Amino acid sequence: MCEAPRLRCGAGDAAAAAADVDVVTTGGRRRIPARSSVLASASPVLASILERRLRKDRESGKAGRSVLRIRGVTDDAAAAFVRLLDAGRCGDGEEDDMEKYAVQVLVLAHAYQVPWLKRACEGAIGARLTADSAVDVLQLAALCDAPRLHLRCTRLLAKEFAAVERTEAWRFLQENDPWQELQVLQGLHEADMRRRKWRRKRAEQRVYVELSEAMDCLDHICTEGCTEVGPAGRAPAPAPCASYATTCRGLQLLIRHFSQCHRKSCARCQRMWQLLRLHSALCDRPDSCNTPLCKRFKQKEQEKAAVKAGDDGDKWGLLVKKVKAARVFSSLANRKQMSSTSQC
């Protein structure tokens with residue numbers, strides 16, 4: 001940001017007295033006074049252009065202000081660009097310029113390498129983004145290398161693609177630029193695949209957390225007992241535990257069914273066998289564990305580990321690792337929650 005007092009270029013005699021460069025657009029109908037020091041400090045591209053221009057004018061002995069040509073935009077947009085560079089920021093006084101000329105100023109900020117102004121233009125354009133303008137702005141973001149604006153356009157396309165398909169801009173894109181249309185559709189497909197993958201991972205994580213809670217409840221039932229099931233020689237606890245409604249009650253019903261069922265191909269019994277095997281894989285005290293068959297399953301797993309593991313062993317080992325990780329994260333979250341509660 002320039003340390004000199006702020007100046008509104010083109011705002012009277014004071015601006016004209018301080019300016020030493022005239023900015024001229026393609027039409028050349030208007031000269032916009034500006035300070036070369038401000039332009040050079042704001043943009044390395046303008047600094048190089050001004051250095052060559054001022055040196056050439058000195059060598060030729062030309063009197064008066066040097067001329068800096070900015071092509072491809074309107075006079076008003078060029079004036080707004082100069083004012084924003086002179087201000088050094090996009091504050092309340094520059095809101096009108098950003099609202100009217102944000103698209104053209106974005107092009108200039110990209111061409112002349114003014115990062116802060118480019119980010120401000122991305123935000124201003126993105127704030128007014130609609131389904132009608134999404135396709136045009138997406139192309140503009142690609143041309144100007146504006147990743148934030150491109151991301152906002154992509155999200156809007158994914159969210160309101162049905163509305164975008166009905167716009168004139170999308171029909172024009174289909175007729176004249178099928179390659180760009182293919183890129184947009186491919187981007188939407190990839191975004192949808194990422195979203196599905198994220199949902200699938202979230203669902204898997206919930207399963208691992210539920211298995212971790214089931215292991216805690218199984219250990220609690222076999223060690224302390226709960227309302228219906230408890231360790232041998234000990235009456236179950238009269239009051240339900242904190243996880244009774246969510247996990248513990250269903251696990252107790254499964255244990256009671258497992259103890260009474262004599263069918264060989266029972267799905268519920270198979271589920272109980274898997275829970276007992278999982279507990280054994282996670283248990284670090286099999287000699288003193290009260291859970292049924294814990295030591296036996298541990299010995300079988302050690303025997304299998306001595307033999308080359310197949311695909312089933314790999315999948316089971318991966319499941320055990322995931323549940324272990326879920327237990328660690330759950331334990332850390334509970335500690336953090338207890339710590340915050342005690343501080344309150």
# chains A, B, ... in the order shown; residues from 1 in each chain; ligands from 1
call {"tool": "residues_around", "arguments": {"residues": "A:Trp116", "least_positions_apart": "5", "cutoff": "9 Å", "atoms": "only C-alpha atoms", "output": "count of residues only"}}
result
4
call {"tool": "residues_around", "arguments": {"residues": "A:Ala77", "least_positions_apart": "6", "cutoff": "10 Å", "atoms": "only C-alpha atoms", "output": "ChimeraX atom specification"}}
result
/A:25,83,97-98,100-105,108
call {"tool": "write_last_selection", "arguments": {"atoms": "C-alpha atoms", "output": "compact mmCIF listing (two decimals), in the first residue's frame"}}
result
# COMPACT_ATOMS: atom_id res chain seq x y z
CA THR A 25 -7.82 3.23 -23.20
CA ARG A 83 -8.63 4.62 -8.41
CA ASP A 97 -16.40 0.67 -8.52
CA MET A 98 -16.33 -3.00 -7.54
CA LYS A 100 -20.02 -1.83 -11.57
CA TYR A 101 -16.65 -2.88 -13.00
CA ALA A 102 -15.58 -5.99 -11.07
CA VAL A 103 -15.39 -8.17 -14.20
CA GLN A 104 -13.21 -5.77 -16.18
CA VAL A 105 -11.08 -4.91 -13.17
CA LEU A 108 -6.83 -5.97 -15.53
call {"tool": "residues_around", "arguments": {"residues": "stretch 294-305 of chain A", "least_positions_apart": "2", "cutoff": "8 Å", "atoms": "only C-alpha atoms", "output": "PyMOL selection string"}}
result
chain A and resi 276-277+279-281+283+286-287+289-292+307-309
call {"tool": "closest_residue", "arguments": {"among": "A:Leu106, A:Ala242, A:Leu251, A:Ala111", "to": "A:Gly123", "atoms": "only C-alpha atoms"}}
result
A:Leu106
call {"tool": "residues_around", "arguments": {"residues": "stretch 161-168 of chain A", "least_positions_apart": "3", "cutoff": "6 Å", "atoms": "only C-alpha atoms", "output": "list of chain:residue names"}}
result
A:Ala131, A:Asp132, A:Leu157, A:Ala158, A:Arg171
call {"tool": "write_last_selection", "arguments": {"atoms": "all heavy atoms", "output": "mmCIF file, in the first residue's frame"}}
result
data_model
loop_
_atom_site.group_PDB
_atom_site.id
_atom_site.type_symbol
_atom_site.label_atom_id
_atom_site.label_comp_id
_atom_site.auth_asym_id
_atom_site.auth_seq_id
_atom_site.Cartn_x
_atom_site.Cartn_y
_atom_site.Cartn_z
ATOM 1 N N ALA A 131 -27.375 -18.512 -11.366
ATOM 2 C CA ALA A 131 -27.402 -19.595 -12.361
ATOM 3 C C ALA A 131 -27.273 -19.051 -13.781
ATOM 4 O O ALA A 131 -26.679 -19.698 -14.654
ATOM 5 C CB ALA A 131 -28.701 -20.393 -12.215
ATOM 6 N N ASP A 132 -27.802 -17.855 -14.037
ATOM 7 C CA ASP A 132 -27.714 -17.266 -15.371
ATOM 8 C C ASP A 132 -26.286 -16.872 -15.743
ATOM 9 O O ASP A 132 -25.902 -16.930 -16.912
ATOM 10 C CB ASP A 132 -28.625 -16.038 -15.463
ATOM 11 C CG ASP A 132 -30.095 -16.409 -15.385
ATOM 12 O OD1 ASP A 132 -30.437 -17.529 -15.811
ATOM 13 O OD2 ASP A 132 -30.902 -15.597 -14.891
ATOM 14 N N LEU A 157 -22.831 -24.705 -10.068
ATOM 15 C CA LEU A 157 -23.260 -25.591 -11.157
ATOM 16 C C LEU A 157 -23.734 -26.934 -10.615
ATOM 17 O O LEU A 157 -24.747 -27.476 -11.077
ATOM 18 C CB LEU A 157 -22.105 -25.797 -12.136
ATOM 19 C CG LEU A 157 -21.792 -24.637 -13.092
ATOM 20 C CD1 LEU A 157 -20.480 -24.890 -13.802
ATOM 21 C CD2 LEU A 157 -22.912 -24.464 -14.098
ATOM 22 N N ALA A 158 -23.003 -27.470 -9.648
ATOM 23 C CA ALA A 158 -23.400 -28.753 -9.072
ATOM 24 C C ALA A 158 -24.707 -28.642 -8.302
ATOM 25 O O ALA A 158 -25.509 -29.574 -8.293
ATOM 26 C CB ALA A 158 -22.290 -29.262 -8.147
ATOM 27 N N ARG A 171 -26.691 -23.111 -23.489
ATOM 28 C CA ARG A 171 -27.006 -23.537 -24.862
ATOM 29 C C ARG A 171 -25.938 -23.033 -25.839
ATOM 30 O O ARG A 171 -25.557 -23.755 -26.768
ATOM 31 C CB ARG A 171 -28.382 -23.014 -25.253
ATOM 32 C CG ARG A 171 -29.531 -23.729 -24.548
ATOM 33 C CD ARG A 171 -30.865 -23.413 -25.205
ATOM 34 N NE ARG A 171 -31.239 -22.029 -24.959
ATOM 35 C CZ ARG A 171 -31.964 -21.615 -23.929
ATOM 36 N NH1 ARG A 171 -32.380 -22.510 -23.023
ATOM 37 N NH2 ARG A 171 -32.267 -20.353 -23.763
#
call {"tool": "closest_residue", "arguments": {"among": "A:Cys144, A:Ile255, A:Leu68, A:Leu149", "to": "A:Ala124", "atoms": "only C-alpha atoms"}}
result
A:Leu149
call {"tool": "residues_around", "arguments": {"residues": "A:Pro231", "least_positions_apart": "4", "cutoff": "9 Å", "atoms": "only C-alpha atoms", "output": "NGL selection string"}}
result
:A and (221-225 or 235-236 or 290-291)
call {"tool": "write_last_selection", "arguments": {"atoms": "N, CA, C and O atoms", "output": "compact mmCIF listing (two decimals), in the first residue's frame"}}
result
# COMPACT_ATOMS: atom_id res chain seq x y z
N ILE A 221 -20.69 -55.50 30.18
CA ILE A 221 -21.66 -56.54 30.54
C ILE A 221 -20.95 -57.74 31.17
O ILE A 221 -21.41 -58.29 32.18
N CYS A 222 -19.82 -58.14 30.57
CA CYS A 222 -19.13 -59.33 31.06
C CYS A 222 -18.32 -59.07 32.33
O CYS A 222 -17.92 -60.01 33.01
N THR A 223 -18.07 -57.81 32.64
CA THR A 223 -17.29 -57.48 33.85
C THR A 223 -18.18 -57.05 35.00
O THR A 223 -18.05 -57.54 36.14
N GLU A 224 -19.09 -56.13 34.73
CA GLU A 224 -19.93 -55.56 35.79
C GLU A 224 -21.37 -56.04 35.71
O GLU A 224 -22.07 -56.07 36.72
N GLY A 225 -21.82 -56.38 34.52
CA GLY A 225 -23.21 -56.76 34.34
C GLY A 225 -24.10 -55.54 34.15
O GLY A 225 -23.77 -54.43 34.56
N ALA A 235 -25.10 -61.02 40.22
CA ALA A 235 -26.38 -60.51 39.74
C ALA A 235 -26.16 -59.29 38.87
O ALA A 235 -25.28 -58.47 39.13
N PRO A 236 -26.97 -59.14 37.80
CA PRO A 236 -26.83 -57.95 36.96
C PRO A 236 -27.14 -56.68 37.74
O PRO A 236 -27.85 -56.68 38.74
N ASN A 290 -13.01 -61.50 31.37
CA ASN A 290 -14.23 -62.24 31.70
C ASN A 290 -15.11 -62.53 30.49
O ASN A 290 -16.11 -63.23 30.61
N THR A 291 -14.77 -61.97 29.35
CA THR A 291 -15.58 -62.18 28.15
C THR A 291 -15.41 -63.62 27.67
O THR A 291 -14.27 -64.10 27.56
